[in-house]
Each structure stands twice: as C-alpha cells, then as structure tokens.
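A.B. asks: So here's start-v9.pdb (PDB, C-alpha atoms).
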MODEL        1
ATOM      1  CA  SER A   2     117.593  98.496  81.321  1.00  0.00           C
ATOM      2  CA  LYS A   3     115.217  95.735  82.363  1.00  0.00           C
ATOM      3  CA  ASP A   4     118.011  93.109  82.361  1.00  0.00           C
ATOM      4  CA  HIS A   5     120.090  95.313  84.675  1.00  0.00           C
ATOM      5  CA  GLU A   6     117.136  95.633  87.096  1.00  0.00           C
ATOM      6  CA  ILE A   7     116.626  91.859  87.127  1.00  0.00           C
ATOM      7  CA  LEU A   8     120.353  91.345  87.763  1.00  0.00           C
ATOM      8  CA  ASN A   9     120.233  93.791  90.717  1.00  0.00           C
ATOM      9  CA  ILE A  10     117.209  91.995  92.189  1.00  0.00           C
ATOM     10  CA  ASN A  11     118.979  88.639  91.860  1.00  0.00           C
ATOM     11  CA  ILE A  12     122.078  90.026  93.558  1.00  0.00           C
ATOM     12  CA  TYR A  13     120.045  91.442  96.457  1.00  0.00           C
ATOM     13  CA  MET A  14     118.175  88.140  96.853  1.00  0.00           C
ATOM     14  CA  ARG A  15     121.521  86.324  97.079  1.00  0.00           C
ATOM     15  CA  TYR A  16     122.701  88.857  99.705  1.00  0.00           C
ATOM     16  CA  PHE A  17     119.521  88.346 101.723  1.00  0.00           C
ATOM     17  CA  SER A  18     119.705  84.543 101.468  1.00  0.00           C
ATOM     18  CA  ALA A  19     123.362  84.494 102.466  1.00  0.00           C
ATOM     19  CA  PHE A  20     122.699  86.851 105.389  1.00  0.00           C
ATOM     20  CA  PHE A  21     119.781  84.748 106.616  1.00  0.00           C
ATOM     21  CA  LEU A  22     121.728  81.475 106.408  1.00  0.00           C
ATOM     22  CA  LEU A  23     124.797  83.010 108.057  1.00  0.00           C
ATOM     23  CA  THR A  24     122.704  84.408 110.906  1.00  0.00           C
ATOM     24  CA  LEU A  25     120.999  81.048 111.441  1.00  0.00           C
ATOM     25  CA  ALA A  26     124.286  79.143 111.359  1.00  0.00           C
ATOM     26  CA  THR A  27     126.039  81.617 113.659  1.00  0.00           C
ATOM     27  CA  SER A  28     123.234  81.517 116.226  1.00  0.00           C
ATOM     28  CA  SER A  29     123.161  77.729 116.238  1.00  0.00           C
ATOM     29  CA  PHE A  30     126.942  77.481 116.505  1.00  0.00           C
ATOM     30  CA  LEU A  31     127.159  80.007 119.337  1.00  0.00           C
ATOM     31  CA  LEU A  32     124.582  78.189 121.414  1.00  0.00           C
ATOM     32  CA  ALA A  33     126.093  74.768 120.725  1.00  0.00           C
ATOM     33  CA  GLN A  34     129.609  75.876 121.738  1.00  0.00           C
ATOM     34  CA  SER A  35     128.759  77.843 124.874  1.00  0.00           C
ATOM     35  CA  ASP A  36     128.332  76.873 128.505  1.00  0.00           C
ATOM     36  CA  CYS A  37     124.951  78.404 129.255  1.00  0.00           C
ATOM     37  CA  SER A  38     124.935  77.577 132.970  1.00  0.00           C
ATOM     38  CA  GLY A  39     123.153  80.271 134.926  1.00  0.00           C
ATOM     39  CA  GLY A  40     121.684  81.686 131.718  1.00  0.00           C
ATOM     40  CA  ARG A  41     124.999  83.109 130.514  1.00  0.00           C
ATOM     41  CA  TYR A  42     125.117  83.508 126.708  1.00  0.00           C
ATOM     42  CA  GLU A  43     121.397  82.731 126.539  1.00  0.00           C
ATOM     43  CA  ASN A  44     119.743  85.444 128.655  1.00  0.00           C
ATOM     44  CA  GLU A  45     120.596  89.055 129.431  1.00  0.00           C
ATOM     45  CA  ILE A  46     122.211  88.571 132.842  1.00  0.00           C
ATOM     46  CA  PHE A  47     124.281  91.771 132.951  1.00  0.00           C
ATOM     47  CA  PRO A  48     122.682  95.168 133.655  1.00  0.00           C
ATOM     48  CA  GLY A  49     124.435  96.932 130.807  1.00  0.00           C
ATOM     49  CA  HIS A  50     127.547  97.146 128.703  1.00  0.00           C
ATOM     50  CA  VAL A  51     130.854  98.990 128.761  1.00  0.00           C
ATOM     51  CA  LEU A  52     131.761 100.553 125.417  1.00  0.00           C
ATOM     52  CA  THR A  53     135.292 101.390 124.308  1.00  0.00           C
ATOM     53  CA  SER A  54     135.111 103.310 121.022  1.00  0.00           C
ATOM     54  CA  ASP A  55     137.468 103.914 118.133  1.00  0.00           C
ATOM     55  CA  ILE A  56     140.189 101.383 118.915  1.00  0.00           C
ATOM     56  CA  THR A  57     142.674 101.272 116.037  1.00  0.00           C
ATOM     57  CA  TYR A  58     143.196  97.658 115.002  1.00  0.00           C
ATOM     58  CA  GLY A  59     145.091  98.201 111.766  1.00  0.00           C
ATOM     59  CA  GLN A  60     145.467 100.151 108.557  1.00  0.00           C
ATOM     60  CA  ASN A  61     145.480  99.343 104.884  1.00  0.00           C
ATOM     61  CA  VAL A  62     145.204 100.857 101.415  1.00  0.00           C
ATOM     62  CA  SER A  63     141.685 101.742 100.287  1.00  0.00           C
ATOM     63  CA  VAL A  64     140.149 101.228  96.857  1.00  0.00           C
ATOM     64  CA  ASN A  65     141.274 104.728  95.793  1.00  0.00           C
ATOM     65  CA  GLY A  66     144.878 104.183  96.976  1.00  0.00           C
ATOM     66  CA  SER A  67     144.757 106.237 100.164  1.00  0.00           C
ATOM     67  CA  ASN A  68     145.656 104.882 103.594  1.00  0.00           C
ATOM     68  CA  THR A  69     142.683 103.854 105.751  1.00  0.00           C
ATOM     69  CA  VAL A  70     142.944 103.544 109.530  1.00  0.00           C
ATOM     70  CA  LEU A  71     140.772 100.637 110.679  1.00  0.00           C
ATOM     71  CA  LYS A  72     138.808 101.190 113.900  1.00  0.00           C
ATOM     72  CA  MET A  73     136.471  99.139 116.045  1.00  0.00           C
ATOM     73  CA  ASP A  74     134.177  99.568 119.030  1.00  0.00           C
ATOM     74  CA  VAL A  75     134.330  96.949 121.805  1.00  0.00           C
ATOM     75  CA  TYR A  76     131.304  96.146 123.974  1.00  0.00           C
ATOM     76  CA  GLN A  77     131.905  94.255 127.232  1.00  0.00           C
ATOM     77  CA  PRO A  78     129.401  92.982 129.807  1.00  0.00           C
ATOM     78  CA  GLN A  79     129.100  95.486 132.654  1.00  0.00           C
ATOM     79  CA  GLY A  80     130.343  93.973 135.924  1.00  0.00           C
ATOM     80  CA  ASP A  81     131.581  90.718 134.375  1.00  0.00           C
ATOM     81  CA  THR A  82     134.337  89.038 136.404  1.00  0.00           C
ATOM     82  CA  LEU A  83     134.954  85.975 134.207  1.00  0.00           C
ATOM     83  CA  SER A  84     138.649  85.680 133.345  1.00  0.00           C
ATOM     84  CA  VAL A  85     138.071  84.860 129.644  1.00  0.00           C
ATOM     85  CA  ARG A  86     134.990  85.345 127.498  1.00  0.00           C
ATOM     86  CA  PRO A  87     133.985  84.514 123.926  1.00  0.00           C
ATOM     87  CA  LEU A  88     134.332  87.248 121.317  1.00  0.00           C
ATOM     88  CA  ILE A  89     131.853  88.037 118.558  1.00  0.00           C
ATOM     89  CA  LEU A  90     133.360  90.133 115.759  1.00  0.00           C
ATOM     90  CA  MET A  91     130.669  92.068 113.913  1.00  0.00           C
ATOM     91  CA  ALA A  92     130.638  93.730 110.498  1.00  0.00           C
ATOM     92  CA  HIS A  93     128.017  96.244 109.380  1.00  0.00           C
ATOM     93  CA  GLY A  94     126.069  96.233 106.140  1.00  0.00           C
ATOM     94  CA  GLY A  95     126.018  98.865 103.426  1.00  0.00           C
ATOM     95  CA  THR A  96     126.687  97.154 100.077  1.00  0.00           C
ATOM     96  CA  PHE A  97     130.429  97.730 100.592  1.00  0.00           C
ATOM     97  CA  ILE A  98     129.948 101.451  99.881  1.00  0.00           C
ATOM     98  CA  SER A  99     128.514 102.779 103.158  1.00  0.00           C
ATOM     99  CA  GLY A 100     127.816 101.849 106.775  1.00  0.00           C
ATOM    100  CA  ASP A 101     129.579 102.164 110.095  1.00  0.00           C
ATOM    101  CA  LYS A 102     130.575 100.112 113.129  1.00  0.00           C
ATOM    102  CA  ALA A 103     128.044 102.041 115.232  1.00  0.00           C
ATOM    103  CA  GLY A 104     125.212 101.573 112.728  1.00  0.00           C
ATOM    104  CA  SER A 105     121.687 100.561 113.664  1.00  0.00           C
ATOM    105  CA  ASP A 106     122.161  97.148 112.034  1.00  0.00           C
ATOM    106  CA  ILE A 107     124.984  96.194 114.443  1.00  0.00           C
ATOM    107  CA  GLN A 108     124.968  98.334 117.585  1.00  0.00           C
ATOM    108  CA  PRO A 109     121.750  96.876 119.115  1.00  0.00           C
ATOM    109  CA  LEU A 110     123.058  93.340 118.517  1.00  0.00           C
ATOM    110  CA  ALA A 111     126.396  94.175 120.165  1.00  0.00           C
ATOM    111  CA  ILE A 112     124.631  95.604 123.221  1.00  0.00           C
ATOM    112  CA  ASN A 113     122.288  92.618 123.437  1.00  0.00           C
ATOM    113  CA  PHE A 114     125.055  90.019 123.141  1.00  0.00           C
ATOM    114  CA  SER A 115     127.280  91.856 125.641  1.00  0.00           C
ATOM    115  CA  LYS A 116     124.468  91.775 128.221  1.00  0.00           C
ATOM    116  CA  LYS A 117     124.447  87.991 127.707  1.00  0.00           C
ATOM    117  CA  GLY A 118     128.156  87.699 128.520  1.00  0.00           C
ATOM    118  CA  TYR A 119     129.885  87.983 125.159  1.00  0.00           C
ATOM    119  CA  VAL A 120     132.509  90.561 124.288  1.00  0.00           C
ATOM    120  CA  CYS A 121     131.545  92.126 120.949  1.00  0.00           C
ATOM    121  CA  ALA A 122     133.771  94.049 118.584  1.00  0.00           C
ATOM    122  CA  SER A 123     132.083  95.999 115.813  1.00  0.00           C
ATOM    123  CA  ILE A 124     134.607  96.749 113.081  1.00  0.00           C
ATOM    124  CA  ASN A 125     134.807  99.285 110.325  1.00  0.00           C
ATOM    125  CA  TYR A 126     136.276  97.807 107.173  1.00  0.00           C
ATOM    126  CA  ARG A 127     137.456  99.418 103.961  1.00  0.00           C
ATOM    127  CA  LEU A 128     134.570 100.601 101.812  1.00  0.00           C
ATOM    128  CA  GLY A 129     134.402 101.265  98.106  1.00  0.00           C
ATOM    129  CA  ILE A 130     133.771  99.526  94.827  1.00  0.00           C
ATOM    130  CA  ARG A 131     135.381 100.525  91.553  1.00  0.00           C
ATOM    131  CA  ASN A 132     133.277 101.739  88.629  1.00  0.00           C
ATOM    132  CA  LEU A 133     130.515 103.374  90.672  1.00  0.00           C
ATOM    133  CA  PRO A 134     128.074 104.735  89.730  1.00  0.00           C
ATOM    134  CA  LEU A 135     128.566 103.904  86.053  1.00  0.00           C
ATOM    135  CA  PRO A 136     129.177 101.581  84.351  1.00  0.00           C
ATOM    136  CA  GLY A 137     128.729  99.757  87.644  1.00  0.00           C
ATOM    137  CA  PRO A 138     130.795  97.073  89.299  1.00  0.00           C
ATOM    138  CA  ASP A 139     131.542  93.819  87.586  1.00  0.00           C
ATOM    139  CA  SER A 140     132.212  90.530  89.371  1.00  0.00           C
ATOM    140  CA  THR A 141     135.911  91.390  89.775  1.00  0.00           C
ATOM    141  CA  ASP A 142     135.072  94.733  91.448  1.00  0.00           C
ATOM    142  CA  ALA A 143     132.606  93.043  93.802  1.00  0.00           C
ATOM    143  CA  THR A 144     135.040  90.235  94.635  1.00  0.00           C
ATOM    144  CA  GLU A 145     137.774  92.755  95.444  1.00  0.00           C
ATOM    145  CA  ALA A 146     135.400  94.609  97.817  1.00  0.00           C
ATOM    146  CA  VAL A 147     134.607  91.362  99.625  1.00  0.00           C
ATOM    147  CA  MET A 148     138.295  90.436  99.842  1.00  0.00           C
ATOM    148  CA  ARG A 149     139.210  93.822 101.358  1.00  0.00           C
ATOM    149  CA  ALA A 150     136.529  93.351 104.022  1.00  0.00           C
ATOM    150  CA  VAL A 151     137.719  89.793 104.750  1.00  0.00           C
ATOM    151  CA  GLN A 152     141.327  91.002 105.063  1.00  0.00           C
ATOM    152  CA  ASP A 153     140.209  93.670 107.532  1.00  0.00           C
ATOM    153  CA  ALA A 154     138.214  91.142 109.577  1.00  0.00           C
ATOM    154  CA  LYS A 155     141.296  88.917 109.735  1.00  0.00           C
ATOM    155  CA  ALA A 156     143.324  91.912 110.922  1.00  0.00           C
ATOM    156  CA  ALA A 157     140.841  92.367 113.792  1.00  0.00           C
ATOM    157  CA  VAL A 158     141.227  88.700 114.772  1.00  0.00           C
ATOM    158  CA  ARG A 159     145.016  89.071 114.733  1.00  0.00           C
ATOM    159  CA  TRP A 160     144.697  92.198 116.902  1.00  0.00           C
ATOM    160  CA  PHE A 161     142.725  90.259 119.529  1.00  0.00           C
ATOM    161  CA  TYR A 162     145.195  87.347 119.420  1.00  0.00           C
ATOM    162  CA  LYS A 163     148.050  89.789 120.016  1.00  0.00           C
ATOM    163  CA  ASP A 164     146.150  91.509 122.856  1.00  0.00           C
ATOM    164  CA  ALA A 165     145.392  88.114 124.453  1.00  0.00           C
ATOM    165  CA  ARG A 166     149.052  87.119 124.220  1.00  0.00           C
ATOM    166  CA  ASP A 167     150.407  90.432 125.560  1.00  0.00           C
ATOM    167  CA  SER A 168     147.965  91.626 128.232  1.00  0.00           C
ATOM    168  CA  ASN A 169     144.481  90.293 127.457  1.00  0.00           C
ATOM    169  CA  ASN A 170     142.872  93.643 128.283  1.00  0.00           C
ATOM    170  CA  TYR A 171     139.545  92.389 126.943  1.00  0.00           C
ATOM    171  CA  ARG A 172     139.817  88.907 128.514  1.00  0.00           C
ATOM    172  CA  ILE A 173     139.130  87.067 125.253  1.00  0.00           C
ATOM    173  CA  ASP A 174     139.064  83.282 124.975  1.00  0.00           C
ATOM    174  CA  THR A 175     140.877  82.979 121.647  1.00  0.00           C
ATOM    175  CA  ASN A 176     139.425  79.483 121.193  1.00  0.00           C
ATOM    176  CA  ARG A 177     135.964  81.033 120.993  1.00  0.00           C
ATOM    177  CA  ILE A 178     136.011  83.820 118.426  1.00  0.00           C
ATOM    178  CA  TYR A 179     132.906  84.056 116.249  1.00  0.00           C
ATOM    179  CA  PHE A 180     131.870  86.317 113.388  1.00  0.00           C
ATOM    180  CA  LEU A 181     128.521  87.964 112.728  1.00  0.00           C
ATOM    181  CA  GLY A 182     127.712  90.220 109.819  1.00  0.00           C
ATOM    182  CA  SER A 183     124.752  92.183 108.579  1.00  0.00           C
ATOM    183  CA  SER A 184     124.075  92.244 104.831  1.00  0.00           C
ATOM    184  CA  ALA A 185     127.411  92.979 103.104  1.00  0.00           C
ATOM    185  CA  GLY A 186     129.151  92.409 106.443  1.00  0.00           C
ATOM    186  CA  GLY A 187     127.883  88.817 106.322  1.00  0.00           C
ATOM    187  CA  PHE A 188     130.210  88.088 103.428  1.00  0.00           C
TER
ENDMDL
END
If you convert what's in this file into structure tokens, what do you get?
C.D. replies:
Amino acid sequence: SKDHEILNINIYMRYFSAFFLLTLATSSFLLAQSDCSGGRYENEIFPGHVLTSDITYGQNVSVNGSNTVLKMDVYQPQGDTLSVRPLILMAHGGTFISGDKAGSDIQPLAINFSKKGYVCASINYRLGIRNLPLPGPDSTDATEAVMRAVQDAKAAVRWFYKDARDSNNYRIDTNRIYFLGSSAGGF
C-alpha cells in the first residue's frame, strides 16, 4: 500500500541520516584522538596491507535458532613496526538480512585505513529479521536485529581485549578502539 511505501522511505531516510552522521562523527573523532606526526593516520604512508581472513571471534544463536560462528577479517599496515596501533572495527551494511565482511562497502575502507596506520577488523554479524518477507518486520523485530549485531560487535571488542592481554598478536592499543559501520552496520 501507499502508506507502507512511505514508511519504507522514511525508514531508509533515517538509515541514511544516521549513517552520514555516524561517519562524520567517527572521522572527526579519529582525527582528534590520533597523533598524526609524519602523516600517520592522515595519509597513506604504508605501501599496502596484510590481510588475515576468517578469524573466529565468537559464536551465538541466530534468529532461526541455529548456531552461528562469527568471523572477521583483519587488515594491518604492511611493514608497520609500531608496538601498538589503534583498531577500527567495521560492520557491513545489508539491512540486517545480507552483506559480508569482505563487501564492497567495507573492504576498500579497511584497505585505505590500514595504509594510514590503523588496524582494521571487518566483522560478520548475525543476520536475519523475523517476519520476512510478509507481513514484514515490526519495531520489535528490527530492534532485535540491531541488538544481535551490537552483541556481536561487543564480542569482537572482547576478543581483541583478550588477544591484547594474552599475546597482542595484532598489536592493538586497547585505549583506541573505534567503530565504523556502513548502512545497517552503522547502527
């Protein structure tokens, strides 16, 4: 119906507005909190990136009740010798029903930021919304989808804290962990 179409447009406009504001705030915060001496964190000073794919950072129950293994890809600056670096956790878009950690909305950003000196972790989070396609999700269904994604993002942060405490394989400064999301991932 016409009312349903207007509701969908309003929802997408809210998604876009939230994504835009989150991106602006994240960019400003990252620059304000970083030592940019020598162009680090501001310019691409590394020749490339080192990618470690499909790292398991947790597991949880999906919307349909099955177990979901949560994986991430980690991008590090090639040739970086700094003992600790800031981490940017990234979440892909896809309206909570599709998308991937290696998607075109996230992967180029992860490569770009890693060449600037950041370590980037692109996470997969649990996908799915109840009542699709019809009658369609209500506010409870949508809220539950967001909460599952937030829980998974928190699990990734905990994974990096544990790694930093045990061996710090990725040389993360746990006082400088930031989050970036595209579309649904921005929630």
A.B. asks: So what does the PyMOL selection byres ((chain A and resi 44) around 10) actually pick up in this one, as a PyMOL selection string?
C.D. replies: chain A and resi 37+39-43+45-47+113-114+116-118
A.B. asks: How far is it from CA of His50 in chain A to CA of Asp81 in chain A, in Å with one decimal?
C.D. replies: 9.5 Å
A.B. asks: Evaluate the PyMOL selection byres ((chain A and resi 152-155) around 8) against this structure - the residues, as a VMD selection string, please.
C.D. replies: chain A and resid 59 71 90 124 126 to 127 148 to 151 156 to 159
A.B. asks: In Å, rounded to a single decimal, give me how far CA of Trp160 in chain A is from CA of Thr69 in chain A.
C.D. replies: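 For CA of Thr69 in chain A relative to CA of Trp160 in chain A, the distance reads 16.3 Å.
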A.B. asks: For a test of reading the model, state the distance in Å between CA of Arg177 in chain A and CA of Thr53 in chain A, rounded to one decimal.
C.D. replies: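 One can read the CA of Arg177 in chain A to CA of Thr53 in chain A distance as 20.6 Å.
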A.B. asks: Written as a PyMOL selection string, which residues does the PyMOL selection byres ((chain A and resi 181) around 6) give for the file shown?
C.D. replies: chain A and resi 91+180+182
A.B. asks: Measuring atom to atom with all atoms listed in the file, identify which of A:Tyr171, A:Tyr58, A:Phe161, A:Tyr76 is nearest to Asn125 in chain A.
C.D. replies: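 Residue with the minimum atom-to-atom distance to Asn125 in chain A: A:Tyr58.
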A.B. asks: Can you work out which one of A:Ala185, A:Val120, A:Leu133, A:Ala143 has the shortest atom-to-atom distance to Gln79 in chain A, counting only C-alpha atoms?
C.D. replies: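 When distances to Gln79 in chain A are compared using only C-alpha atoms, the smallest one comes from A:Val120.
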A.B. asks: Please give the centre and size of the box around range 70-73 of chain A (axis-aligned, containing every atom listed in the file, 5 Å added per side), with values in Å to one decimal and written as lines of an AutoDock Vina configuration file.
C.D. replies:
center_x = 139.7
center_y = 101.3
center_z = 112.8
size_x = 16.5
size_y = 14.4
size_z = 16.5
A.B. asks: Restricting the calculation to all atoms listed in the file: of A:Met73, A:Val62, A:Ile178, A:Ile130, which residue gets closest to Phe97 in chain A?
C.D. replies: A:Ile130
A.B. asks: Please list as a ChimeraX atom specification every residue within 8 Å of Leu128 in chain A, counting all atoms listed in the file and excluding residues in the same chain fewer than 6 positions away.
C.D. replies: /A:63-64,97-99,146,150
A.B. asks: Taking all atoms listed in the file into account, which of A:Val75, A:Val70, A:Val147, A:Ile56 comes nearest Ala122 in chain A?
C.D. replies: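 Closest to Ala122 in chain A, using all atoms listed in the file: A:Val75.
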